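Participant: File protein-v6.txt follows (compact mmCIF, C-alpha atoms):
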```txt
# COMPACT_ATOMS: atom_id res chain seq x y z
CA MET A 214 92.58 101.01 115.80
CA GLU A 215 92.60 103.05 119.01
CA ALA A 216 96.29 102.20 119.33
CA LEU A 217 97.00 103.78 115.94
CA ASN A 218 95.08 106.90 116.95
CA GLU A 219 97.18 107.22 120.08
CA LEU A 220 100.44 106.61 118.21
CA LEU A 221 99.55 109.22 115.59
CA GLN A 222 98.62 111.77 118.26
CA ARG A 223 101.89 111.12 120.10
CA SER A 224 103.75 111.48 116.79
CA GLY A 225 102.09 114.85 116.39
CA GLN A 226 103.72 115.83 119.69
CA GLY A 227 107.16 114.89 118.33
CA ASP A 228 107.42 111.38 119.84
CA ALA A 229 109.80 109.59 117.44
CA THR A 230 109.35 106.22 119.19
CA ALA A 231 105.59 106.41 118.68
CA PHE A 232 106.15 107.33 115.03
CA ARG A 233 108.39 104.28 114.54
CA GLN A 234 105.70 102.06 116.07
CA LEU A 235 103.10 103.74 113.87
CA TYR A 236 105.24 103.09 110.80
CA ASP A 237 105.73 99.43 111.74
CA ALA A 238 101.99 98.95 112.27
CA ALA A 239 100.64 100.85 109.26
CA SER A 240 103.29 100.68 106.53
CA PRO A 241 102.42 97.21 105.15
CA ARG A 242 98.84 98.23 104.38
CA LEU A 243 99.86 101.63 103.04
CA PHE A 244 102.59 100.07 100.89
CA ALA A 245 100.02 97.68 99.40
CA LEU A 246 97.87 100.69 98.52
CA CYS A 247 100.84 102.42 96.85
CA LYS A 248 101.72 99.30 94.85
CA ARG A 249 98.13 98.89 93.69
CA LEU A 250 97.88 102.53 92.58
CA LEU A 251 101.31 102.92 91.03
CA ARG A 252 101.93 99.38 89.71
CA ASP A 253 105.65 99.89 90.31
CA GLU A 254 107.28 98.58 93.48
CA ALA A 255 110.22 101.01 93.52
CA LEU A 256 107.98 104.00 92.92
CA ALA A 257 105.58 102.71 95.58
CA GLU A 258 108.45 102.58 98.10
CA ASP A 259 109.37 106.19 97.29
CA VAL A 260 105.78 107.39 97.60
CA LEU A 261 105.35 105.52 100.89
CA GLN A 262 108.45 107.21 102.29
CA GLU A 263 107.26 110.63 101.08
CA GLY A 264 103.84 109.90 102.56
CA PHE A 265 105.29 109.08 105.95
CA VAL A 266 107.37 112.26 105.88
CA LYS A 267 104.11 114.17 105.33
CA ILE A 268 102.42 112.18 108.09
CA TRP A 269 105.26 113.09 110.48
CA HIS A 270 105.09 116.78 109.56
CA HIS A 271 101.29 116.99 109.73
CA ALA A 272 100.50 114.50 112.52
CA ALA A 273 99.58 117.36 114.86
CA GLN A 274 96.66 118.17 112.52
CA PHE A 275 95.12 114.70 113.01
CA ALA A 276 91.75 114.79 114.77
CA ALA A 277 90.49 111.43 116.04
CA SER A 278 86.97 112.87 116.17
CA LYS A 279 86.95 113.29 112.37
CA ALA A 280 88.54 110.03 111.19
CA SER A 281 90.55 107.06 112.36
CA ALA A 282 94.32 107.24 112.14
CA MET A 283 94.38 104.62 109.39
CA THR A 284 91.81 106.52 107.33
CA TRP A 285 93.74 109.77 107.77
CA MET A 286 97.08 108.18 106.85
CA THR A 287 95.53 106.33 103.89
CA THR A 288 94.26 109.64 102.56
CA VAL A 289 97.69 111.25 102.92
CA VAL A 290 99.48 108.37 101.18
CA ARG A 291 96.79 107.93 98.50
CA ASN A 292 96.96 111.64 97.64
CA GLN A 293 100.76 111.41 97.51
CA ALA A 294 100.50 108.49 95.06
CA LEU A 295 97.95 110.28 92.89
CA ASP A 296 100.13 113.40 92.86
CA LYS A 297 103.05 111.26 91.66
CA LEU A 298 100.87 109.86 88.86
CA ARG A 299 99.83 113.36 87.84
CA GLN A 300 103.45 114.53 87.72
CA GLY A 301 103.88 112.56 84.55
CA HIS A 302 105.03 109.26 85.92
CA SER A 303 102.69 107.17 83.87
CA ARG A 304 101.64 103.79 85.10
CA PRO A 305 102.81 100.77 83.16
CA ALA A 306 100.16 99.58 80.76
CA ILE A 307 98.01 96.69 81.83
CA ALA A 308 98.58 93.68 79.63
CA GLY A 309 95.57 93.23 77.40
CA ASP A 310 95.54 89.46 77.64
CA VAL A 311 95.37 89.42 81.43
CA GLU A 312 91.91 89.32 82.94
CA TYR A 313 91.50 91.13 86.22
CA GLU A 314 88.83 90.42 88.74
CA THR A 315 86.13 93.05 88.61
CA LEU A 316 84.15 94.14 91.59
CA GLU A 317 81.19 92.09 90.46
CA PHE A 318 83.10 88.96 91.46
CA ALA A 319 84.28 90.37 94.78
CA SER A 320 81.99 90.12 97.75
CA LEU A 321 80.97 93.46 99.15
CA GLU A 322 80.41 91.82 102.51
CA PRO A 323 83.43 92.26 104.76
CA GLY A 324 84.51 89.34 106.90
CA PRO A 325 83.99 89.28 110.67
CA ASP A 326 87.53 90.49 111.38
CA ALA A 327 87.13 93.40 109.00
CA LEU A 328 83.78 94.36 110.51
CA GLN A 329 85.29 94.50 113.96
CA GLN A 330 88.10 96.74 112.73
CA MET A 331 85.76 99.07 110.87
CA GLY A 332 84.53 102.13 112.62
CA GLU A 333 80.97 103.29 112.52
CA ASP A 334 81.85 105.69 109.69
CA ALA A 335 83.16 102.90 107.50
CA GLN A 336 80.10 100.74 108.19
CA GLN A 337 77.86 103.68 107.26
CA LEU A 338 79.86 104.16 104.05
CA MET A 339 79.44 100.46 103.19
CA HIS A 340 75.68 100.79 103.74
CA CYS A 341 75.53 103.89 101.53
CA LEU A 342 77.62 102.25 98.79
CA GLU A 343 75.13 99.37 98.71
CA GLN A 344 72.38 101.91 97.90
CA LEU A 345 74.10 103.00 94.67
CA LYS A 346 73.49 101.53 91.25
CA PRO A 347 76.11 98.84 90.50
CA GLU A 348 77.80 100.88 87.73
CA GLN A 349 78.06 103.93 90.01
CA ARG A 350 79.48 101.85 92.86
CA GLU A 351 82.03 100.15 90.61
CA CYS A 352 83.19 103.43 89.06
CA ILE A 353 83.55 105.14 92.44
CA LEU A 354 85.43 102.22 93.98
CA GLN A 355 87.71 101.83 90.96
CA ALA A 356 88.44 105.57 90.89
CA PHE A 357 88.97 106.16 94.59
CA TYR A 358 90.43 102.88 95.81
CA HIS A 359 92.26 101.70 92.71
CA GLY A 360 93.24 105.11 91.36
CA GLN A 361 91.75 104.66 87.90
CA THR A 362 91.17 107.81 85.93
CA HIS A 363 87.84 108.59 84.27
CA GLU A 364 89.43 107.79 80.91
CA GLU A 365 90.69 104.40 82.12
CA LEU A 366 87.25 103.56 83.49
CA ALA A 367 85.53 104.59 80.25
CA HIS A 368 87.94 102.42 78.26
CA SER A 369 87.67 99.37 80.54
CA LEU A 370 83.87 99.59 80.73
CA ALA A 371 83.50 100.44 77.01
CA LYS A 372 81.29 103.42 77.93
CA PRO A 373 81.48 107.07 76.84
CA LEU A 374 83.64 109.29 79.05
CA GLY A 375 80.71 111.59 79.82
CA THR A 376 78.64 108.65 81.05
CA VAL A 377 81.37 107.52 83.43
CA LYS A 378 81.84 111.07 84.76
CA ALA A 379 78.08 111.39 85.29
CA TRP A 380 77.89 108.05 87.14
CA ILE A 381 80.68 109.14 89.47
CA ARG A 382 79.27 112.63 90.03
CA ARG A 383 75.74 111.37 90.73
CA GLY A 384 77.04 108.54 92.90
CA LEU A 385 79.12 110.93 94.99
CA GLU A 386 76.09 113.21 95.41
CA GLN A 387 74.04 110.24 96.62
CA LEU A 388 76.82 109.20 99.01
CA ARG A 389 77.05 112.74 100.40
CA GLY A 390 73.30 112.80 101.03
CA CYS A 391 73.31 109.33 102.57
CA LEU A 392 76.23 110.08 104.88
CA GLN A 393 74.74 113.32 106.23
```
Do you think you could lay out the structure here as structure tokens?
Facilitator:
Amino acid sequence: MEALNELLQRSGQGDATAFRQLYDAASPRLFALCKRLLRDEALAEDVLQEGFVKIWHHAAQFAASKASAMTWMTTVVRNQALDKLRQGHSRPAIAGDVEYETLEFASLEPGPDALQQMGEDAQQLMHCLEQLKPEQRECILQAFYHGQTHEELAHSLAKPLGTVKAWIRRGLEQLRGCLQ
């Protein structure tokens, strides 16, 4: 992860070779994020390209003391994908007869490799997420990491929209307090 930080900082100084290396190292993970959020491979490719253009233009603003390079780039690309969704490009509907794995079946415990790659901030976030009620945790993870809207969450959980919004709001307040 230190290597990505250095590459991003060098990119911020206009080093095109470093930016190419950064792209080669980070684009597979960022493309997977785009595909998961947009559910359209061609659109995901476009958003990834737009995201990397933004990364190139704003790389000088990256501060390694605030976040890791991967976290910073993930935020840029995720926001780019969400902006694309908000511009009216609706996601294809999920087939009703397909069952998707919910977070209750996924282990919250990262593997040894993932733990080593995680920074202290990410480990603290994992600890704080474990402190939340399961419904709050699931809503926050589905909204922020899978890009589901409040309406989609309410529909998939068969809960009132206000309840889902309250779970997310209260969960984020608890996370903020835990992380400070």
Participant: Could you list, as a PyMOL selection string, every residue within 8 Å of Tyr236 in chain A, counting all atoms listed in the file and ignoring same-chain residues fewer than 4 positions away?
Facilitator: chain A and resi 232+240+265
Participant: Can you list every residue of range 217-256 of chain A that has an atom at most 8 Å from range 274-290 of chain A, with its nearest atom pair and the distance in Å to one decimal, using all atoms listed in the file, ordered by chain then number, as CSV?
Facilitator:
```
residue,atom,partner,partner_atom,distance
A:Leu217,CA,A:Ala282,CA,5.8
A:Asn218,CA,A:Ala282,CA,4.9
A:Leu221,CA,A:Ala282,CA,6.6
A:Gln222,CA,A:Phe275,CA,7.0
A:Gly225,CA,A:Gln274,CA,7.4
A:Ala239,CA,A:Met283,CA,7.3
A:Leu243,CA,A:Thr287,CA,6.4
A:Cys247,CA,A:Val290,CA,7.5
```
Participant: How many Å lie between CA of Leu392 in chain A and CA of Asn292 in chain A, rounded to one decimal?
Facilitator: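 A separation of 22.0 Å between them.
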Participant: Could you check how far CA of Leu250 in chain A sits from CA of Gly264 in chain A, in Å to one decimal?
Facilitator: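 Atom-to-atom, CA of Leu250 in chain A and CA of Gly264 in chain A are spaced 13.8 Å apart.
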Participant: Quick one: everything within 8 Å of Leu366 in chain A, counting only C-alpha atoms, minus sequence neighbours fewer than 6 positions away in the same chain. Send it as JSON, numbers by chain.
Facilitator: {"A": [352, 355, 356, 377]}
Participant: Mind pulling up the distance from CA of Leu261 in chain A to CA of Phe244 in chain A?
Facilitator: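 Separation between CA of Phe244 in chain A and CA of Leu261 in chain A: 6.1 Å.
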Participant: Which is closest to Thr230 in chain A among A:Gly390, A:Trp269, A:Asp296, A:Glu215, if we use all atoms listed in the file?
Facilitator: A:Trp269
Participant: Determine the axis-aligned bounding box of all atoms of range 358-377 of chain A present in the file, pad each side by 4 Å, and express its centre and edge lengths in Å to one decimal place as AutoDock Vina command-line options.
Facilitator:
```
--center_x 85.9 --center_y 105.5 --center_z 86.3 --size_x 22.6 --size_y 20.2 --size_z 27.0
```
